[in-house]
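Text of structure00.csv (CSV, C-alpha atoms and all ligand atoms) as supplied:
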chain,number,residue,atom,x,y,z
Q,194,MET,CA,-181.8,-77.1,-121.8
Q,195,ALA,CA,-183.5,-76.8,-118.5
Q,196,THR,CA,-183.5,-73.4,-116.8
Q,197,PRO,CA,-180.8,-73.5,-114.1
Q,198,LEU,CA,-182.2,-73.5,-110.5
Q,199,TYR,CA,-180.4,-70.3,-109.6
Q,200,SER,CA,-181.8,-68.2,-112.5
Q,201,SER,CA,-184.9,-67.1,-110.7
Q,202,LYS,CA,-182.7,-65.9,-107.9
Q,203,LEU,CA,-180.5,-63.9,-110.3
Q,204,SER,CA,-183.5,-62.3,-112.0
Q,205,GLY,CA,-185.2,-61.4,-108.7
Q,206,SER,CA,-185.5,-57.6,-108.2
Q,207,LYS,CA,-184.0,-57.7,-104.7
Q,208,SER,CA,-181.0,-59.7,-106.0
Q,209,LYS,CA,-180.5,-57.1,-108.7
Q,210,ASN,CA,-180.7,-54.4,-106.1
Q,211,TRP,CA,-178.0,-56.1,-104.2
Q,212,ILE,CA,-175.7,-56.1,-107.2
Q,213,LYS,CA,-176.5,-52.4,-107.8
Q,214,ALA,CA,-175.7,-51.7,-104.2
Q,215,GLY,CA,-172.4,-53.5,-104.5
Q,216,LEU,CA,-171.6,-51.5,-107.7
Q,217,ALA,CA,-172.5,-48.3,-105.9
Q,218,VAL,CA,-170.1,-49.1,-103.1
Q,219,LEU,CA,-167.4,-50.0,-105.6
Q,220,PHE,CA,-167.9,-46.8,-107.7
Q,221,THR,CA,-167.9,-44.7,-104.5
Q,222,LYS,CA,-164.6,-46.3,-103.4
Q,223,GLU,CA,-163.0,-45.6,-106.8
Q,224,GLY,CA,-164.3,-42.0,-106.5
Q,225,ILE,CA,-162.5,-41.4,-103.2
Q,226,GLU,CA,-159.3,-43.5,-103.7
Q,227,PRO,CA,-157.1,-40.7,-105.2
Q,228,PHE,CA,-158.4,-38.3,-102.5
Q,229,VAL,CA,-157.3,-40.7,-99.7
Q,230,TYR,CA,-154.0,-41.5,-101.4
Q,231,ASP,CA,-153.0,-37.9,-101.9
Q,232,GLU,CA,-153.8,-36.9,-98.3
Q,233,ILE,CA,-151.8,-39.8,-96.9
Q,234,LYS,CA,-148.9,-39.1,-99.2
Q,235,GLN,CA,-148.9,-35.5,-97.9
Q,236,PHE,CA,-149.0,-36.8,-94.4
Q,237,GLN,CA,-146.1,-39.1,-95.1
Q,238,GLN,CA,-144.0,-36.3,-96.5
Q,239,LYS,CA,-144.9,-34.0,-93.6
Q,240,CYS,CA,-143.8,-36.7,-91.1
Q,241,LEU,CA,-140.4,-37.1,-92.8
Q,242,LYS,CA,-139.9,-33.3,-93.0
Q,243,ASP,CA,-140.9,-32.8,-89.3
Q,244,ILE,CA,-138.7,-35.7,-88.2
Q,245,SER,CA,-135.7,-34.4,-90.0
Q,246,ASN,CA,-136.3,-30.8,-88.7
Q,247,ASN,CA,-136.8,-31.9,-85.1
Q,248,ASN,CA,-133.9,-34.3,-84.9
Q,249,GLY,CA,-131.3,-32.5,-87.0
Q,250,ILE,CA,-131.3,-35.2,-89.7
Q,251,PRO,CA,-130.5,-34.1,-93.2
Q,252,ALA,CA,-133.6,-33.5,-95.3
Q,253,GLY,CA,-134.6,-36.5,-97.5
Q,254,SER,CA,-133.2,-39.0,-95.1
Q,255,THR,CA,-134.9,-42.4,-95.0
Q,256,CYS,CA,-134.7,-45.7,-93.2
Q,257,PHE,CA,-135.5,-49.2,-94.5
Q,258,SER,CA,-133.9,-51.2,-91.6
Q,259,CYS,CA,-136.6,-51.2,-89.0
Q,260,CYS,CA,-139.4,-53.7,-89.3
Q,261,THR,CA,-142.7,-53.1,-87.5
Q,262,GLU,CA,-141.6,-55.4,-84.7
Q,263,ASN,CA,-138.7,-53.1,-84.1
Q,264,VAL,CA,-140.7,-50.0,-83.6
Q,265,ILE,CA,-143.6,-51.4,-81.5
Q,266,VAL,CA,-142.6,-52.1,-77.9
Q,267,CYS,CA,-143.5,-55.6,-76.6
Q,268,PRO,CA,-146.1,-55.8,-75.1
Q,269,THR,CA,-148.4,-53.3,-76.8
Q,270,ASN,CA,-152.1,-53.3,-76.1
Q,271,LYS,CA,-154.2,-54.8,-79.0
Q,272,ILE,CA,-151.1,-55.9,-80.8
Q,273,CYS,CA,-149.4,-58.4,-78.6
Q,274,ASN,CA,-149.6,-59.5,-75.0
Q,275,GLY,CA,-145.9,-60.2,-74.6
Q,276,GLY,CA,-146.2,-63.1,-72.2
Q,277,ARG,CA,-142.5,-63.5,-71.5
Q,278,GLY,CA,-141.1,-64.3,-74.9
Q,279,LYS,CA,-144.3,-66.1,-76.0
Q,280,CYS,CA,-145.5,-63.2,-78.1
Q,281,LYS,CA,-146.5,-64.2,-81.6
Q,282,PHE,CA,-146.1,-60.7,-83.0
Q,283,HIS,CA,-142.5,-60.3,-81.8
Q,284,ARG,CA,-141.5,-63.8,-82.9
Q,285,ASN,CA,-137.8,-63.0,-83.2
Q,286,ALA,CA,-136.3,-62.4,-79.7
Q,287,ALA,CA,-133.7,-60.0,-81.2
Q,288,THR,CA,-136.5,-57.6,-82.3
Q,289,GLN,CA,-138.4,-57.7,-79.0
Q,290,TYR,CA,-136.9,-54.5,-77.7
Q,291,LEU,CA,-135.0,-51.7,-79.4
Q,292,PRO,CA,-133.5,-49.7,-76.5
Q,293,PHE,CA,-131.7,-47.2,-78.7
Q,294,GLY,CA,-134.5,-46.8,-81.2
Q,295,CYS,CA,-134.1,-46.6,-85.0
Q,296,PRO,CA,-130.4,-46.2,-85.9
Q,297,ASN,CA,-131.5,-43.4,-88.2
Q,298,LYS,CA,-133.8,-41.7,-85.6
Q,299,ILE,CA,-136.6,-42.0,-88.1
Q,300,CYS,CA,-138.9,-45.0,-87.6
Q,301,ASN,CA,-139.7,-44.6,-83.9
Q,302,ASN,CA,-140.5,-40.9,-84.5
Q,303,PHE,CA,-142.6,-41.9,-87.5
Q,304,LYS,CA,-144.5,-44.4,-85.3
Q,305,ASN,CA,-145.3,-41.5,-82.8
Q,306,GLU,CA,-146.4,-39.2,-85.6
Q,307,ILE,CA,-148.9,-41.9,-86.9
Q,308,GLN,CA,-150.1,-42.5,-83.3
Q,309,ASN,CA,-150.8,-38.8,-82.7
Q,310,ALA,CA,-152.5,-38.5,-86.1
Q,311,HIS,CA,-154.9,-41.3,-85.3
Q,312,ARG,CA,-158.4,-40.2,-84.1
Q,313,PHE,CA,-158.4,-42.9,-81.4
Q,314,HIS,CA,-154.6,-43.2,-80.9
Q,315,CYS,CA,-154.7,-46.9,-81.8
Q,316,PRO,CA,-153.2,-47.4,-85.2
Q,317,SER,CA,-153.4,-50.8,-86.8
Q,318,PHE,CA,-149.7,-51.6,-86.7
Q,319,LYS,CA,-150.4,-55.2,-87.2
Q,320,ASN,CA,-151.3,-54.4,-90.8
Q,321,THR,CA,-148.3,-52.4,-91.8
Q,322,ASP,CA,-144.7,-53.0,-92.9
Q,323,ALA,CA,-142.7,-50.2,-91.2
Q,324,THR,CA,-139.7,-50.8,-93.5
Q,325,GLN,CA,-141.8,-49.1,-96.2
Q,326,TRP,CA,-143.0,-46.1,-94.3
Q,327,CYS,CA,-140.5,-43.8,-96.0
Q,328,THR,CA,-141.2,-45.0,-99.5
Q,329,ASN,CA,-144.8,-46.3,-99.8
Q,330,PRO,CA,-147.6,-44.0,-98.5
Q,331,TRP,CA,-150.0,-46.9,-98.5
Q,332,GLU,CA,-148.1,-48.7,-95.8
Q,333,VAL,CA,-148.8,-45.6,-93.7
Q,334,ALA,CA,-152.4,-45.5,-94.8
Q,335,LYS,CA,-152.9,-49.1,-93.5
Q,336,CYS,CA,-152.2,-47.9,-90.0
Q,337,PHE,CA,-155.6,-46.1,-90.2
Q,338,MET,CA,-157.5,-49.2,-91.4
Q,339,PRO,CA,-159.2,-51.9,-89.3
Q,340,PRO,CA,-156.7,-54.1,-87.6
Q,341,ASP,CA,-157.3,-57.3,-89.6
Q,342,GLY,CA,-157.4,-58.2,-93.3
Q,343,TYR,CA,-155.1,-55.6,-94.9
Q,344,LYS,CA,-151.6,-57.0,-94.3
Q,345,ASP,CA,-151.1,-58.0,-97.9
Q,346,VAL,CA,-152.7,-55.0,-99.5
Q,347,THR,CA,-150.1,-52.8,-101.2
Q,348,SER,CA,-152.2,-50.1,-103.0
Q,349,ALA,CA,-155.5,-48.2,-102.8
Q,350,ALA,CA,-156.9,-50.3,-105.7
Q,351,GLU,CA,-156.3,-53.5,-103.7
Q,352,THR,CA,-158.1,-52.0,-100.7
Q,353,ASP,CA,-161.8,-52.4,-100.1
Q,354,PHE,CA,-164.3,-49.7,-99.3
Q,355,ASN,CA,-164.2,-50.4,-95.6
Q,356,GLY,CA,-160.4,-49.9,-95.5
Q,357,ILE,CA,-160.4,-46.7,-97.6
Q,358,ILE,CA,-163.2,-45.1,-95.7
Q,359,SER,CA,-161.7,-46.1,-92.3
Q,360,VAL,CA,-158.6,-44.0,-93.3
Q,361,ILE,CA,-160.8,-40.9,-93.7
Q,362,ILE,CA,-162.5,-41.5,-90.4
Q,363,ASN,CA,-159.4,-42.4,-88.4
Q,364,TYR,CA,-156.8,-40.0,-89.8
Q,365,LYS,CA,-157.8,-36.9,-87.9
Q,366,ALA,CA,-156.4,-34.3,-90.4
Q,367,PHE,CA,-159.0,-35.4,-93.0
Q,368,GLN,CA,-161.4,-33.1,-91.2
Q,369,SER,CA,-159.8,-30.1,-93.0
Q,370,LYS,CA,-161.0,-31.6,-96.3
Q,371,VAL,CA,-164.5,-32.6,-95.1
Q,372,GLN,CA,-167.4,-30.4,-94.1
Q,373,ASP,CA,-169.3,-33.0,-92.2
Q,374,ASP,CA,-168.1,-33.6,-88.7
Q,375,LEU,CA,-166.0,-36.8,-88.9
Q,376,SER,CA,-166.1,-37.3,-85.1
Q,377,LYS,CA,-169.8,-38.0,-85.2
Q,378,THR,CA,-170.8,-41.7,-85.3
Q,379,CYS,CA,-173.4,-40.8,-87.9
Q,380,SER,CA,-171.2,-38.7,-90.3
Q,381,ILE,CA,-171.8,-39.3,-94.0
Q,382,PHE,CA,-168.6,-41.3,-94.0
Q,383,ALA,CA,-169.6,-43.5,-91.1
Q,384,GLN,CA,-173.0,-44.0,-92.8
Q,385,GLY,CA,-171.1,-45.0,-96.0
Q,386,ARG,CA,-169.1,-47.5,-94.1
Q,387,GLU,CA,-172.4,-49.0,-92.7
Q,388,ILE,CA,-173.7,-49.3,-96.2
Q,389,GLY,CA,-170.6,-51.3,-97.3
Q,390,LYS,CA,-171.1,-53.6,-94.3
Q,391,ALA,CA,-174.8,-54.1,-94.9
Q,392,VAL,CA,-174.2,-55.1,-98.6
Q,393,ARG,CA,-171.3,-57.3,-97.7
Q,394,HIS,CA,-173.2,-59.1,-94.9
Q,395,SER,CA,-176.6,-59.4,-96.6
Q,396,PRO,CA,-177.5,-63.0,-95.7
Q,397,GLN,CA,-179.7,-63.6,-98.8
Q,398,LEU,CA,-177.7,-61.4,-101.1
Q,399,GLU,CA,-180.7,-59.1,-101.4
Q,400,VAL,CA,-181.5,-55.5,-100.9
Q,401,GLU,CA,-185.0,-53.9,-100.5
Q,402,ASP,CA,-186.0,-51.1,-102.9
Q,403,THR,CA,-186.3,-48.5,-100.1
Q,404,ASP,CA,-182.9,-49.5,-98.7
Q,405,LEU,CA,-181.3,-49.2,-102.2
Q,406,GLN,CA,-182.7,-45.7,-102.6
Q,407,GLN,CA,-181.3,-44.7,-99.3
Q,408,TYR,CA,-177.9,-46.2,-100.1
Q,409,PHE,CA,-177.7,-44.2,-103.3
Q,410,THR,CA,-178.8,-41.0,-101.5
Q,411,ASP,CA,-176.2,-41.5,-98.8
Q,412,LEU,CA,-173.4,-42.4,-101.2
Q,413,LEU,CA,-174.2,-39.5,-103.5
Q,414,ASN,CA,-174.2,-37.2,-100.4
Q,415,LEU,CA,-170.8,-38.5,-99.4
Q,416,LEU,CA,-169.4,-37.9,-102.9
Q,417,SER,CA,-170.8,-34.3,-102.8
Q,418,ASP,CA,-169.3,-33.2,-99.6
Q,419,PRO,CA,-168.8,-29.4,-100.3
Q,420,ALA,CA,-165.3,-29.0,-98.6
Q,421,TYR,CA,-163.4,-30.9,-101.3
Q,422,LEU,CA,-165.1,-33.8,-103.0
Q,423,SER,CA,-167.9,-31.9,-104.7
Q,424,THR,CA,-165.4,-30.3,-107.1
Q,425,ASN,CA,-163.1,-33.3,-107.4
Q,426,THR,CA,-163.1,-35.0,-110.8
Q,427,ASP,CA,-162.9,-38.6,-109.5
Q,428,ALA,CA,-165.8,-38.0,-107.1
Q,429,LYS,CA,-167.8,-36.4,-109.9
Q,430,ASN,CA,-167.1,-39.4,-112.2
Q,431,ALA,CA,-168.2,-41.7,-109.5
Q,432,LYS,CA,-171.5,-39.8,-109.1
Q,433,THR,CA,-172.2,-40.1,-112.8
Q,434,LYS,CA,-171.7,-43.8,-112.6
Q,435,LEU,CA,-174.0,-44.1,-109.5
Q,436,LEU,CA,-176.7,-42.1,-111.2
Q,437,GLN,CA,-176.5,-44.3,-114.4
Q,438,CYS,CA,-176.7,-47.4,-112.2
Q,439,LEU,CA,-179.8,-46.1,-110.4
Q,440,VAL,CA,-181.7,-45.4,-113.6
Q,441,LYS,CA,-181.6,-48.9,-115.0
Q,501,ZN,ZN,-144.9,-58.6,-78.5
Q,502,ZN,ZN,-135.5,-47.1,-88.8
What is this structure when it is put down as structure tokens?
Amino acid sequence: MATPLYSSKLSGSKSKNWIKAGLAVLFTKEGIEPFVYDEIKQFQQKCLKDISNNNGIPAGSTCFSCCTENVIVCPTNKICNGGRGKCKFHRNAATQYLPFGCPNKICNNFKNEIQNAHRFHCPSFKNTDATQWCTNPWEVAKCFMPPDGYKDVTSAAETDFNGIISVIINYKAFQSKVQDDLSKTCSIFAQGREIGKAVRHSPQLEVEDTDLQQYFTDLLNLLSDPAYLSTNTDAKNAKTKLLQCLVK
């Protein structure tokens, strides 16, 4: 049988580097997933506790009635432009305005908590389903991800590296668990995000040897952040996988 035309591409060292770089990004993502989930779950619980304390609502109260369109005013910059009933986000006229807020006094307050917790005060509300804020921490996490591409994601495992790492960068309180300064544009997490983009957007599906070495150095660095990750089991397991991947 003739050798397939693509086989020389597959066996090329730069193509193999690209696969290794992709695996390194995947392993790093898996290494930080539980960390991100746990922090966001704590944030979700804190929001509910603060909201009940501040509004005289019984502890443990929840609301499932308000959809995202109900808690976001029309128009809201970067989400919808209103345009006198022509807004695509607020399709249903009945949900355009909610003058009395959430009937349980929860969801509008939750929206404000998320807004205040966001480093740039611009949560990606387009991604999220507000009816689940009280029950699914990942719907809260999605507010800290890029604005597009995460609407149907329901768990950390279904979320890509870019989404996960954006939560660390955009949820301000992560700073307490990270030694590197997350407000810097060149933090180890911002560098990690750039690596993910470079691998994903590589036009020839290739990575140079020197770039590959740098990617591994940077990702191992990220997983070794001394404030928390350096002693975290999932991050340590990810480092072991990265080192194995680097050897052969
Ligand atoms: Zn609107
Ligand atoms: Zn509500």
Could you tell me how far atom CA of Ala310 of chain Q lies from atom ZN of ligand ZN 501 (chain Q), in Å and to one decimal?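 Atom-to-atom, atom CA of Ala310 of chain Q and atom ZN of ligand ZN 501 (chain Q) are spaced 22.8 Å apart.
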When you count only C-alpha atoms and all ligand atoms, which of these residues is closest to ligand ZN 501 (chain Q): Q:Thr269, Q:Gln397, Q:Asn247, Q:Asn305?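 For ligand ZN 501 (chain Q), the nearest of the candidates is Q:Thr269.
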For a quick check of understanding, using all atoms listed in the file, which of Q:Lys434, Q:Lys279, Q:Lys271, Q:Arg312 has the smallest distance to Lys377 of chain Q?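 Result for the nearest residue to Lys377 of chain Q: Q:Arg312.
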Residues contacting ligand ZN 502 (chain Q) - anything with an atom at most 8 Å away, using all atoms listed in the file - can you give me those as a CSV table (one decimal) with C-alpha atoms, in the frame of the given file?
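Below you can see result00.csv, which holds the result:
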chain,number,residue,atom,x,y,z
Q,255,THR,CA,-134.9,-42.4,-95.0
Q,256,CYS,CA,-134.7,-45.7,-93.2
Q,257,PHE,CA,-135.5,-49.2,-94.5
Q,258,SER,CA,-133.9,-51.2,-91.6
Q,259,CYS,CA,-136.6,-51.2,-89.0
Q,260,CYS,CA,-139.4,-53.7,-89.3
Q,264,VAL,CA,-140.7,-50.0,-83.6
Q,294,GLY,CA,-134.5,-46.8,-81.2
Q,295,CYS,CA,-134.1,-46.6,-85.0
Q,296,PRO,CA,-130.4,-46.2,-85.9
Q,297,ASN,CA,-131.5,-43.4,-88.2
Q,298,LYS,CA,-133.8,-41.7,-85.6
Q,299,ILE,CA,-136.6,-42.0,-88.1
Q,300,CYS,CA,-138.9,-45.0,-87.6
Q,301,ASN,CA,-139.7,-44.6,-83.9
Q,324,THR,CA,-139.7,-50.8,-93.5
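The two atoms in question, atom CA of Cys240 of chain Q and atom CA of His311 of chain Q, are spaced 13.3 Å apart.
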Could you list, as a list in words, every residue within 12 Å of Glu232 of chain Q, counting only C-alpha atoms and ignoring same-chain residues fewer than 4 positions away? Ile225, Glu226, Pro227, Phe228, Phe236, Gln237, Gln238, Lys239, Pro330, Trp331, Val333, Ala334, Ile357, Val360, Ile361, Tyr364, Lys365, Ala366, Phe367, Gln368, Ser369, Lys370, Val371 and Tyr421 of chain Q
Let me see the file: selected residues, C-alpha atoms, as an mmCIF file, in the coordinates of the input.
data_model
loop_
_atom_site.group_PDB
_atom_site.id
_atom_site.type_symbol
_atom_site.label_atom_id
_atom_site.label_comp_id
_atom_site.auth_asym_id
_atom_site.auth_seq_id
_atom_site.Cartn_x
_atom_site.Cartn_y
_atom_site.Cartn_z
ATOM 1 C CA ILE Q 225 -162.500 -41.400 -103.200
ATOM 2 C CA GLU Q 226 -159.300 -43.500 -103.700
ATOM 3 C CA PRO Q 227 -157.100 -40.700 -105.200
ATOM 4 C CA PHE Q 228 -158.400 -38.300 -102.500
ATOM 5 C CA PHE Q 236 -149.000 -36.800 -94.400
ATOM 6 C CA GLN Q 237 -146.100 -39.100 -95.100
ATOM 7 C CA GLN Q 238 -144.000 -36.300 -96.500
ATOM 8 C CA LYS Q 239 -144.900 -34.000 -93.600
ATOM 9 C CA PRO Q 330 -147.600 -44.000 -98.500
ATOM 10 C CA TRP Q 331 -150.000 -46.900 -98.500
ATOM 11 C CA VAL Q 333 -148.800 -45.600 -93.700
ATOM 12 C CA ALA Q 334 -152.400 -45.500 -94.800
ATOM 13 C CA ILE Q 357 -160.400 -46.700 -97.600
ATOM 14 C CA VAL Q 360 -158.600 -44.000 -93.300
ATOM 15 C CA ILE Q 361 -160.800 -40.900 -93.700
ATOM 16 C CA TYR Q 364 -156.800 -40.000 -89.800
ATOM 17 C CA LYS Q 365 -157.800 -36.900 -87.900
ATOM 18 C CA ALA Q 366 -156.400 -34.300 -90.400
ATOM 19 C CA PHE Q 367 -159.000 -35.400 -93.000
ATOM 20 C CA GLN Q 368 -161.400 -33.100 -91.200
ATOM 21 C CA SER Q 369 -159.800 -30.100 -93.000
ATOM 22 C CA LYS Q 370 -161.000 -31.600 -96.300
ATOM 23 C CA VAL Q 371 -164.500 -32.600 -95.100
ATOM 24 C CA TYR Q 421 -163.400 -30.900 -101.300
#
Show which residues sit within 9 Å of Thr321 of chain Q, as a PyMOL selection string. Count all atoms listed in the file, and ignore same-chain residues fewer than 4 positions away. chain Q and resi 261+317+325-326+331-336+343-345
Need the neighbours of (-165.3, -50.0, -96.3): which residues are at most 9 Å away, counting only C-alpha atoms, as an MDAnalysis selection string? chainID Q and resid 218 222 352:359 385:390
Counting only C-alpha atoms and all ligand atoms, which residues in chain Q sit no more than 7 Å from ligand ZN 501 (chain Q)? For each one, give the nearest pair of atoms and the distance in Å, sorted by chain then residue number, as a Markdown table.
| residue | atom | partner | partner_atom | distance |
| --- | --- | --- | --- | --- |
| Q:Val266 | CA | Q:ZN501 | ZN | 6.9 |
| Q:Cys267 | CA | Q:ZN501 | ZN | 3.8 |
| Q:Pro268 | CA | Q:ZN501 | ZN | 4.6 |
| Q:Thr269 | CA | Q:ZN501 | ZN | 6.6 |
| Q:Cys273 | CA | Q:ZN501 | ZN | 4.5 |
| Q:Asn274 | CA | Q:ZN501 | ZN | 5.9 |
| Q:Gly275 | CA | Q:ZN501 | ZN | 4.3 |
| Q:Cys280 | CA | Q:ZN501 | ZN | 4.7 |
| Q:Lys281 | CA | Q:ZN501 | ZN | 6.6 |
| Q:Phe282 | CA | Q:ZN501 | ZN | 5.1 |
| Q:His283 | CA | Q:ZN501 | ZN | 4.4 |
| Q:Gln289 | CA | Q:ZN501 | ZN | 6.6 |
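Distance annotation: of Q:Glu399, Q:Glu262, Q:Asp374, Q:Leu435, the residue with the minimal separation from Ala420 of chain Q is Q:Asp374; atom set is only C-alpha atoms.
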Residue contacts of segment 197-206 of chain Q (10 Å, all atoms listed in the file) excluding same-chain residues fewer than 5 positions away, as an mmCIF file with C-alpha atoms, in the frame of the given file:
data_model
loop_
_atom_site.group_PDB
_atom_site.id
_atom_site.type_symbol
_atom_site.label_atom_id
_atom_site.label_comp_id
_atom_site.auth_asym_id
_atom_site.auth_seq_id
_atom_site.Cartn_x
_atom_site.Cartn_y
_atom_site.Cartn_z
ATOM 1 C CA TRP Q 211 -178.000 -56.100 -104.200
ATOM 2 C CA ILE Q 212 -175.700 -56.100 -107.200
ATOM 3 C CA GLN Q 397 -179.700 -63.600 -98.800
ATOM 4 C CA LEU Q 398 -177.700 -61.400 -101.100
ATOM 5 C CA GLU Q 399 -180.700 -59.100 -101.400
ATOM 6 C CA VAL Q 400 -181.500 -55.500 -100.900
ATOM 7 C CA GLU Q 401 -185.000 -53.900 -100.500
ATOM 8 C CA ASP Q 402 -186.000 -51.100 -102.900
#
Could you check how far atom CA of Glu306 of chain Q sits from atom CA of Asp341 of chain Q, in Å to one decimal? 21.5 Å
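Every protein, DNA or RNA residue with an atom at most 12 Å from Asn414 of chain Q, where all atoms listed in the file count and chain neighbours fewer than 3 positions away do not, is listed here: Thr221, Val371, Gln372, Asp373, Ser380, Ile381, Phe382, Gln384, Gly385, Gln407, Tyr408, Phe409, Thr410, Asp411, Ser417, Asp418, Pro419, Leu422, Ser423, Ala428, Lys429, Ala431, Lys432 and Leu435 of chain Q.
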Could you tell me which of Q:Ala195, Q:Val440, Q:Leu415, Q:Ala349 comes closest to Tyr230 of chain Q if we count only C-alpha atoms? Q:Ala349
Return the single residue from Q:Met338, Q:Ala217, Q:Ile307, Q:Ala391 that is closest to Leu416 of chain Q, with distances computed using all atoms listed in the file. Q:Ala217
Copy segment 236-251 of chain Q out of the block into a file, keeping N, CA, C and O atoms, as a tab-separated table (two decimals), in the first residue's frame.
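That gives us result.tsv:
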chain	number	residue	atom	x	y	z
Q	236	PHE	N	-16.91	31.25	46.09
Q	236	PHE	CA	-17.45	32.58	45.75
Q	236	PHE	C	-18.97	32.53	45.67
Q	236	PHE	O	-19.67	33.39	46.21
Q	237	GLN	N	-19.49	31.50	45.00
Q	237	GLN	CA	-20.94	31.36	44.86
Q	237	GLN	C	-21.61	31.28	46.24
Q	237	GLN	O	-22.61	31.95	46.51
Q	238	GLN	N	-21.02	30.47	47.12
Q	238	GLN	CA	-21.59	30.30	48.46
Q	238	GLN	C	-21.53	31.61	49.26
Q	238	GLN	O	-22.44	31.97	49.99
Q	239	LYS	N	-20.40	32.32	49.09
Q	239	LYS	CA	-20.22	33.60	49.79
Q	239	LYS	C	-21.26	34.61	49.31
Q	239	LYS	O	-21.83	35.35	50.10
Q	240	CYS	N	-21.49	34.64	48.00
Q	240	CYS	CA	-22.49	35.56	47.45
Q	240	CYS	C	-23.85	35.29	48.08
Q	240	CYS	O	-24.53	36.21	48.53
Q	241	LEU	N	-24.26	34.02	48.10
Q	241	LEU	CA	-25.58	33.68	48.64
Q	241	LEU	C	-25.68	34.06	50.11
Q	241	LEU	O	-26.71	34.57	50.57
Q	242	LYS	N	-24.58	33.83	50.85
Q	242	LYS	CA	-24.58	34.14	52.28
Q	242	LYS	C	-24.68	35.67	52.48
Q	242	LYS	O	-25.50	36.14	53.27
Q	243	ASP	N	-23.86	36.41	51.74
Q	243	ASP	CA	-23.88	37.88	51.86
Q	243	ASP	C	-25.24	38.44	51.46
Q	243	ASP	O	-25.75	39.35	52.11
Q	244	ILE	N	-25.79	37.91	50.38
Q	244	ILE	CA	-27.09	38.42	49.91
Q	244	ILE	C	-28.16	38.18	50.97
Q	244	ILE	O	-28.96	39.07	51.27
Q	245	SER	N	-28.17	36.99	51.58
Q	245	SER	CA	-29.20	36.76	52.60
Q	245	SER	C	-28.94	37.62	53.83
Q	245	SER	O	-29.88	38.19	54.39
Q	246	ASN	N	-27.68	37.77	54.24
Q	246	ASN	CA	-27.38	38.63	55.40
Q	246	ASN	C	-27.77	40.08	55.16
Q	246	ASN	O	-28.36	40.72	56.03
Q	247	ASN	N	-27.45	40.59	53.98
Q	247	ASN	CA	-27.68	42.02	53.70
Q	247	ASN	C	-29.13	42.36	53.42
Q	247	ASN	O	-29.50	43.53	53.43
Q	248	ASN	N	-29.94	41.35	53.09
Q	248	ASN	CA	-31.32	41.65	52.71
Q	248	ASN	C	-32.34	41.02	53.63
Q	248	ASN	O	-33.55	41.01	53.31
Q	249	GLY	N	-31.89	40.47	54.73
Q	249	GLY	CA	-32.81	39.85	55.67
Q	249	GLY	C	-33.57	38.67	55.08
Q	249	GLY	O	-34.73	38.44	55.40
Q	250	ILE	N	-32.87	37.93	54.18
Q	250	ILE	CA	-33.51	36.75	53.57
Q	250	ILE	C	-33.04	35.52	54.37
Q	250	ILE	O	-31.87	35.46	54.77
Q	251	PRO	N	-33.91	34.55	54.62
Q	251	PRO	CA	-33.49	33.36	55.37
Q	251	PRO	C	-32.29	32.67	54.70
Q	251	PRO	O	-32.24	32.57	53.47
